[in-house]
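J.: Take a look at work17.cif, mmCIF, C-alpha atoms:
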```cif
data_data
loop_
_atom_site.group_PDB
_atom_site.id
_atom_site.type_symbol
_atom_site.label_atom_id
_atom_site.label_comp_id
_atom_site.auth_asym_id
_atom_site.auth_seq_id
_atom_site.Cartn_x
_atom_site.Cartn_y
_atom_site.Cartn_z
ATOM 1 C CA MET A 384 42.010 58.325 52.820
ATOM 2 C CA GLU A 385 44.115 59.491 49.902
ATOM 3 C CA LEU A 386 47.825 59.516 49.054
ATOM 4 C CA VAL A 387 49.083 61.386 46.000
ATOM 5 C CA THR A 388 52.339 60.675 44.142
ATOM 6 C CA PRO A 389 53.685 62.290 40.981
ATOM 7 C CA ARG A 390 51.694 59.976 38.688
ATOM 8 C CA LEU A 391 49.175 58.250 40.955
ATOM 9 C CA VAL A 392 46.311 58.761 43.360
ATOM 10 C CA LEU A 393 45.924 56.070 46.008
ATOM 11 C CA ARG A 394 42.481 56.301 47.536
ATOM 12 C CA ASP A 395 39.953 54.357 49.543
ATOM 13 C CA PHE A 396 37.939 51.884 47.507
ATOM 14 C CA ARG A 397 34.384 52.695 46.430
ATOM 15 C CA PRO A 398 31.665 50.076 45.867
ATOM 16 C CA ASP A 399 31.633 50.511 42.085
ATOM 17 C CA ASP A 400 35.389 49.832 41.780
ATOM 18 C CA TRP A 401 34.752 46.107 41.462
ATOM 19 C CA ARG A 402 34.291 46.364 37.680
ATOM 20 C CA ALA A 403 37.774 47.787 37.122
ATOM 21 C CA VAL A 404 39.281 45.217 39.513
ATOM 22 C CA LEU A 405 37.494 42.389 37.687
ATOM 23 C CA ALA A 406 38.886 43.616 34.348
ATOM 24 C CA TYR A 407 42.491 43.074 35.462
ATOM 25 C CA GLN A 408 41.971 40.146 37.852
ATOM 26 C CA ARG A 409 40.518 38.068 34.994
ATOM 27 C CA GLN A 410 43.710 38.334 32.949
ATOM 28 C CA PRO A 411 45.869 35.183 32.728
ATOM 29 C CA LEU A 412 49.077 37.127 33.467
ATOM 30 C CA TYR A 413 47.546 38.476 36.677
ATOM 31 C CA LEU A 414 46.342 35.014 37.750
ATOM 32 C CA ARG A 415 49.745 33.369 37.223
ATOM 33 C CA TYR A 416 50.969 33.771 40.830
ATOM 34 C CA TYR A 417 47.640 33.407 42.642
ATOM 35 C CA ALA A 418 45.776 30.327 43.778
ATOM 36 C CA TRP A 419 42.768 31.534 41.798
ATOM 37 C CA THR A 420 42.268 30.092 38.323
ATOM 38 C CA GLU A 421 39.461 32.503 37.462
ATOM 39 C CA ARG A 422 37.660 35.488 38.942
ATOM 40 C CA THR A 423 33.917 36.037 38.789
ATOM 41 C CA PRO A 424 31.972 39.245 39.390
ATOM 42 C CA GLU A 425 30.812 37.801 42.732
ATOM 43 C CA ASP A 426 34.409 36.973 43.757
ATOM 44 C CA VAL A 427 35.564 40.496 43.006
ATOM 45 C CA ARG A 428 32.584 42.192 44.662
ATOM 46 C CA THR A 429 33.455 40.234 47.823
ATOM 47 C CA PHE A 430 37.124 41.205 47.429
ATOM 48 C CA VAL A 431 36.305 44.921 47.158
ATOM 49 C CA GLN A 432 33.770 44.664 50.000
ATOM 50 C CA MET A 433 36.559 43.409 52.266
ATOM 51 C CA PHE A 434 38.418 46.691 51.672
ATOM 52 C CA LEU A 435 35.233 48.719 52.228
ATOM 53 C CA ASP A 436 34.704 46.908 55.540
ATOM 54 C CA GLN A 437 38.309 47.625 56.578
ATOM 55 C CA GLN A 438 37.653 51.341 56.068
ATOM 56 C CA GLN A 439 34.975 51.223 58.778
ATOM 57 C CA ALA A 440 37.127 49.534 61.428
ATOM 58 C CA ALA A 441 37.939 51.516 64.553
ATOM 59 C CA PRO A 442 40.800 51.711 64.989
ATOM 60 C CA ARG A 443 41.581 51.268 61.331
ATOM 61 C CA LEU A 444 44.475 48.841 60.976
ATOM 62 C CA LYS A 445 44.309 47.974 57.266
ATOM 63 C CA PHE A 446 44.671 50.521 54.484
ATOM 64 C CA GLN A 447 44.306 48.782 51.106
ATOM 65 C CA LEU A 448 43.962 51.590 48.589
ATOM 66 C CA ALA A 449 42.875 51.683 44.963
ATOM 67 C CA ILE A 450 45.611 52.887 42.595
ATOM 68 C CA GLU A 451 44.457 55.381 39.962
ATOM 69 C CA LEU A 452 46.444 57.029 37.210
ATOM 70 C CA LYS A 453 46.423 60.721 38.056
ATOM 71 C CA ALA A 454 46.202 61.732 34.384
ATOM 72 C CA THR A 455 43.147 59.624 33.506
ATOM 73 C CA GLY A 456 41.510 58.408 36.731
ATOM 74 C CA GLU A 457 41.828 54.790 35.520
ATOM 75 C CA LEU A 458 41.952 52.261 38.378
ATOM 76 C CA ILE A 459 44.987 50.057 37.678
ATOM 77 C CA GLY A 460 45.484 48.091 40.906
ATOM 78 C CA ASN A 461 45.706 48.369 44.661
ATOM 79 C CA CYS A 462 48.357 48.741 47.327
ATOM 80 C CA GLY A 463 48.159 48.666 51.076
ATOM 81 C CA VAL A 464 49.720 48.432 54.497
ATOM 82 C CA ARG A 465 48.263 46.307 57.285
ATOM 83 C CA LEU A 466 48.768 46.120 61.013
ATOM 84 C CA GLU A 467 47.668 42.915 62.775
ATOM 85 C CA ALA A 468 46.703 44.545 66.089
ATOM 86 C CA PRO A 469 46.816 47.983 67.721
ATOM 87 C CA GLY A 470 50.310 48.699 68.976
ATOM 88 C CA ALA A 471 51.984 46.030 66.844
ATOM 89 C CA VAL A 472 55.632 46.766 66.061
ATOM 90 C CA GLN A 473 55.492 45.575 62.474
ATOM 91 C CA ALA A 474 53.159 45.824 59.500
ATOM 92 C CA ASP A 475 53.055 44.216 56.084
ATOM 93 C CA ILE A 476 52.521 45.671 52.636
ATOM 94 C CA GLY A 477 51.024 44.196 49.506
ATOM 95 C CA TYR A 478 50.107 45.343 46.029
ATOM 96 C CA GLU A 479 48.761 44.201 42.699
ATOM 97 C CA LEU A 480 48.695 45.885 39.345
ATOM 98 C CA ALA A 481 46.913 45.313 36.047
ATOM 99 C CA PRO A 482 49.401 43.481 33.765
ATOM 100 C CA GLN A 483 49.249 46.120 31.025
ATOM 101 C CA HIS A 484 50.769 48.566 33.537
ATOM 102 C CA TRP A 485 53.663 46.359 34.667
ATOM 103 C CA GLY A 486 57.190 47.566 34.069
ATOM 104 C CA GLN A 487 56.372 51.280 34.224
ATOM 105 C CA GLY A 488 57.312 51.936 37.848
ATOM 106 C CA TYR A 489 53.733 52.288 39.095
ATOM 107 C CA ALA A 490 53.969 49.469 41.661
ATOM 108 C CA THR A 491 57.176 50.923 43.101
ATOM 109 C CA GLU A 492 55.692 54.432 43.208
ATOM 110 C CA ALA A 493 52.518 53.234 44.948
ATOM 111 C CA ALA A 494 54.329 50.927 47.365
ATOM 112 C CA ARG A 495 56.819 53.667 48.295
ATOM 113 C CA ALA A 496 53.920 55.964 49.273
ATOM 114 C CA VAL A 497 52.212 53.219 51.256
ATOM 115 C CA LEU A 498 55.453 52.210 52.978
ATOM 116 C CA ASP A 499 56.058 55.809 54.040
ATOM 117 C CA PHE A 500 52.472 56.050 55.289
ATOM 118 C CA GLY A 501 52.921 52.826 57.250
ATOM 119 C CA PHE A 502 56.036 54.032 59.030
ATOM 120 C CA THR A 503 54.579 57.500 59.646
ATOM 121 C CA HIS A 504 51.008 56.567 60.606
ATOM 122 C CA PHE A 505 51.558 53.287 62.463
ATOM 123 C CA ARG A 506 55.016 54.197 63.812
ATOM 124 C CA VAL A 507 56.143 50.599 63.387
ATOM 125 C CA HIS A 508 59.695 49.331 63.681
ATOM 126 C CA ARG A 509 59.561 46.992 60.671
ATOM 127 C CA VAL A 510 57.538 46.485 57.505
ATOM 128 C CA TRP A 511 57.642 43.201 55.623
ATOM 129 C CA ALA A 512 56.243 41.707 52.427
ATOM 130 C CA GLU A 513 55.976 38.273 50.852
ATOM 131 C CA CYS A 514 55.956 37.305 47.192
ATOM 132 C CA VAL A 515 56.105 34.124 45.149
ATOM 133 C CA ALA A 516 59.784 33.553 44.349
ATOM 134 C CA GLU A 517 59.109 33.180 40.626
ATOM 135 C CA ASN A 518 57.438 36.599 40.555
ATOM 136 C CA GLN A 519 60.656 38.436 39.769
ATOM 137 C CA GLY A 520 58.837 41.684 38.995
ATOM 138 C CA SER A 521 57.399 41.832 42.503
ATOM 139 C CA ALA A 522 60.765 40.969 44.060
ATOM 140 C CA ARG A 523 62.351 43.838 42.064
ATOM 141 C CA VAL A 524 59.730 46.269 43.392
ATOM 142 C CA LEU A 525 60.509 45.276 46.978
ATOM 143 C CA THR A 526 64.242 45.620 46.378
ATOM 144 C CA ARG A 527 63.758 49.077 44.818
ATOM 145 C CA LEU A 528 61.955 50.108 48.006
ATOM 146 C CA GLY A 529 65.114 49.351 49.960
ATOM 147 C CA MET A 530 63.724 46.149 51.423
ATOM 148 C CA ARG A 531 66.094 43.242 51.980
ATOM 149 C CA GLN A 532 65.326 39.641 51.214
ATOM 150 C CA GLU A 533 65.271 38.014 54.647
ATOM 151 C CA ALA A 534 64.152 34.513 53.770
ATOM 152 C CA ARG A 535 63.229 32.065 51.079
ATOM 153 C CA LEU A 536 60.544 29.695 52.299
ATOM 154 C CA ARG A 537 60.890 26.545 50.251
ATOM 155 C CA GLU A 538 57.702 25.054 48.840
ATOM 156 C CA ASN A 539 55.586 26.603 51.560
ATOM 157 C CA GLN A 540 52.517 27.276 49.398
ATOM 158 C CA PHE A 541 50.556 24.774 47.355
ATOM 159 C CA PHE A 542 48.286 25.904 44.549
ATOM 160 C CA LYS A 543 47.729 25.121 40.878
ATOM 161 C CA ASP A 544 48.871 21.533 41.451
ATOM 162 C CA ARG A 545 52.364 22.411 42.650
ATOM 163 C CA TYR A 546 54.427 23.786 45.492
ATOM 164 C CA TRP A 547 55.782 27.344 45.316
ATOM 165 C CA ASP A 548 58.662 28.986 47.151
ATOM 166 C CA THR A 549 57.993 32.419 48.623
ATOM 167 C CA LEU A 550 60.366 35.238 49.506
ATOM 168 C CA ILE A 551 60.139 37.386 52.620
ATOM 169 C CA PHE A 552 61.432 40.954 52.416
ATOM 170 C CA GLY A 553 61.730 43.461 55.241
ATOM 171 C CA ILE A 554 62.875 46.959 56.043
ATOM 172 C CA LEU A 555 63.426 48.616 59.395
ATOM 173 C CA GLU A 556 62.256 52.136 60.173
ATOM 174 C CA ASN A 557 65.818 53.463 60.533
ATOM 175 C CA GLU A 558 66.753 51.941 57.140
ATOM 176 C CA TRP A 559 63.725 53.589 55.560
ATOM 177 C CA ARG A 560 64.608 56.988 57.058
ATOM 178 C CA ALA A 561 68.246 56.649 55.934
ATOM 179 C CA GLY A 562 67.023 55.874 52.405
ATOM 180 C CA LEU A 563 64.835 58.984 52.408
ATOM 181 C CA ARG A 564 67.816 61.150 53.334
ATOM 182 C CA GLN A 565 69.814 59.688 50.450
ATOM 183 C CA SER A 566 67.067 60.189 47.833
ATOM 184 C CA PRO A 567 67.444 63.190 45.497
#
```
What's the structure tokens form of this structure?

T.:
Amino acid sequence: MELVTPRLVLRDFRPDDWRAVLAYQRQPLYLRYYAWTERTPEDVRTFVQMFLDQQQAAPRLKFQLAIELKATGELIGNCGVRLEAPGAVQADIGYELAPQHWGQGYATEAARAVLDFGFTHFRVHRVWAECVAENQGSARVLTRLGMRQEARLRENQFFKDRYWDTLIFGILENEWRAGLRQSP
């Protein structure tokens, strides 16, 4: 599986990708909004193996793709769309990016491609996403995609010795199509 955007290649994970994932998942900025306090090689091998296993599912319902810079081939994160069961009417998206690549539009570019794939491939009515409320960068990405904030779940997650609010964003298929028609 491969999706190509102007600056990125989103592709299925390969077993040796764990090293690149470990390099960014170990960074304190990356870890800020996750329950993890550290990432070990074993943790990340298991993480990547989960995506490899998803590739073998029939029918395939989860497409979590490695994000590579087209110009260099550097793996800088991952982005995906997931369906809970065959025939479900909604899917969710999620992404992560190496901190040194934040603020350059890569997450939006990758998520836009994955969102389009989700609506086209799964033919769902709605796609949603969740992010920690304090993660303003992630919330901006979801807004740029045309997603609307539908809810703020107060203190619904507990990690790193505190409660965190999360935001739920969603977009309907007709809203997505209308946004495509308005794009230059």

J.: Residue by residue, what does the PyMOL selection byres ((chain A and resi 448) around 6) grab here? Present the result as a list in words.

T.: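 Selection result, ordered by chain and number: Leu393, Arg394, Asp395, Gln447, Ala449, Asn461, Cys462 and Gly463 of chain A.
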
J.: Once you count all atoms listed in the file, what closest atom pair and distance in Å to one decimal does each residue of region 467-512 of chain A within 12 Å of region 430-442 of chain A have, with rows by chain and rising residue number, as CSV?

T.:
```
residue,atom,partner,partner_atom,distance
A:Glu467,CA,A:Pro442,CA,11.4
A:Ala468,CA,A:Pro442,CA,9.3
A:Pro469,CA,A:Pro442,CA,7.6
A:Gly470,CA,A:Pro442,CA,10.7
A:Phe505,CA,A:Pro442,CA,11.2
```

J.: Take the PyMOL selection byres ((chain A and resi 535) around 8), run it mentally on this structure, and tell me the resulting residues as an MDAnalysis selection string.

T.: chainID A and resid 516 532:534 536:537 548:551

J.: Quick one, how far is CA of Arg397 (chain A) from CA of Gln410 (chain A)?

T.: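 Separation of CA of Arg397 (chain A) and CA of Gln410 (chain A): 21.8 Å.
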
J.: Between A:Ala493, A:Val472, A:Val392, A:Ala481, single out the one closest to Leu555 (chain A), counting only C-alpha atoms.

T.: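 Looking at the shortest contact to Leu555 (chain A), the residue is A:Val472.
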
J.: At most 9 Å is the cut-off: for each residue in region 432-551 of chain A with any atom that close to an atom of region 404-407 of chain A, write down the nearest atom pair and the distance in Å rounded to one decimal, counting all atoms listed in the file, chain first then increasing number, as a Markdown table.

T.:
```
| residue | atom | partner | partner_atom | distance |
| --- | --- | --- | --- | --- |
| A:Leu458 | CA | A:Val404 | CA | 7.6 |
| A:Ile459 | CA | A:Val404 | CA | 7.7 |
| A:Gly460 | CA | A:Val404 | CA | 7.0 |
| A:Asn461 | CA | A:Val404 | CA | 8.8 |
| A:Leu480 | CA | A:Tyr407 | CA | 7.8 |
| A:Ala481 | CA | A:Tyr407 | CA | 5.0 |
| A:Pro482 | CA | A:Tyr407 | CA | 7.1 |
| A:Gln483 | CA | A:Tyr407 | CA | 8.6 |
```

J.: Please report the interatomic distance between CA of Val515 (chain A) and CA of Leu528 (chain A) in Å with one decimal.

T.: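 So the answer is 17.3 Å.
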
J.: Residues within 12 Å of Lys543 (chain A), please, as a list in words. Count only C-alpha atoms; anything in the same chain fewer than 3 positions from it doesn't count.

T.: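 Here the answer would be Leu414, Arg415, Tyr416, Tyr417, Ala418, Trp419, Thr420, Glu421, Gln540, Tyr546 and Trp547 of chain A.
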
J.: Just how far from CA of Trp511 (chain A) is CA of Ile554 (chain A), in Å to one decimal?

T.: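 CA of Trp511 (chain A) lies at a distance of 6.5 Å from CA of Ile554 (chain A).
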
J.: Mind listing whatever residues come within 12 Å of the point (60.8, 59.1, 55.6)? Use all atoms listed in the file, file coordinates, and give them as an MDAnalysis selection string.

T.: chainID A and resid 495:504 506 528 555:566

J.: Can you spell out as a ChimeraX atom specification the set of residues that the PyMOL selection byres ((chain A and resi 453) around 7) selects in the structure I just provided?

T.: /A:390-392,451-452,454-456

J.: Which residues are near region 521-523 of chain A? Cut-off 9 Å, all atoms listed in the file, ignore same chain within fewer than 2 positions. Put them as a compact mmCIF listing (two decimals) with C-alpha atoms, in the coordinates of the input.

T.:
```txt
# COMPACT_ATOMS: atom_id res chain seq x y z
CA TYR A 478 50.11 45.34 46.03
CA GLU A 479 48.76 44.20 42.70
CA ALA A 490 53.97 49.47 41.66
CA THR A 491 57.18 50.92 43.10
CA GLU A 513 55.98 38.27 50.85
CA CYS A 514 55.96 37.30 47.19
CA VAL A 515 56.10 34.12 45.15
CA ALA A 516 59.78 33.55 44.35
CA GLU A 517 59.11 33.18 40.63
CA ASN A 518 57.44 36.60 40.56
CA GLN A 519 60.66 38.44 39.77
CA LEU A 525 60.51 45.28 46.98
CA THR A 526 64.24 45.62 46.38
CA ARG A 527 63.76 49.08 44.82
CA LEU A 528 61.96 50.11 48.01
CA GLN A 532 65.33 39.64 51.21
CA LEU A 550 60.37 35.24 49.51
CA PHE A 552 61.43 40.95 52.42
```

J.: For Arg422 (chain A), which of A:Arg545, A:Arg409, A:Arg443, A:Arg509 is the closest residue, counting all atoms listed in the file?

T.: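 Ranked by minimum distance to Arg422 (chain A), first place goes to A:Arg409.
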
J.: Edge lengths and centre, in Å to one decimal, as AutoDock Vina command-line options: that's what I need for the box along x, y and z that holds all listed atoms of region 440-452 of chain A plus 3 Å on each side.

T.:
```
--center_x 41.8 --center_y 52.5 --center_z 51.1 --size_x 15.3 --size_y 15.1 --size_z 33.8
```

J.: Pick out the closest residue to Ala471 (chain A) from this set: A:His508, A:Arg428, A:Gly486, A:Gly520. Count all atoms listed in the file.

T.: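 Under the stated criterion, the closest residue is A:His508.
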
J.: Using all atoms listed in the file, pick whichever of A:Leu444, A:Thr429, A:Val387, A:Ile450 has the shortest atom-to-atom distance to His484 (chain A).

T.: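 Ranked by minimum distance to His484 (chain A), first place goes to A:Ile450.
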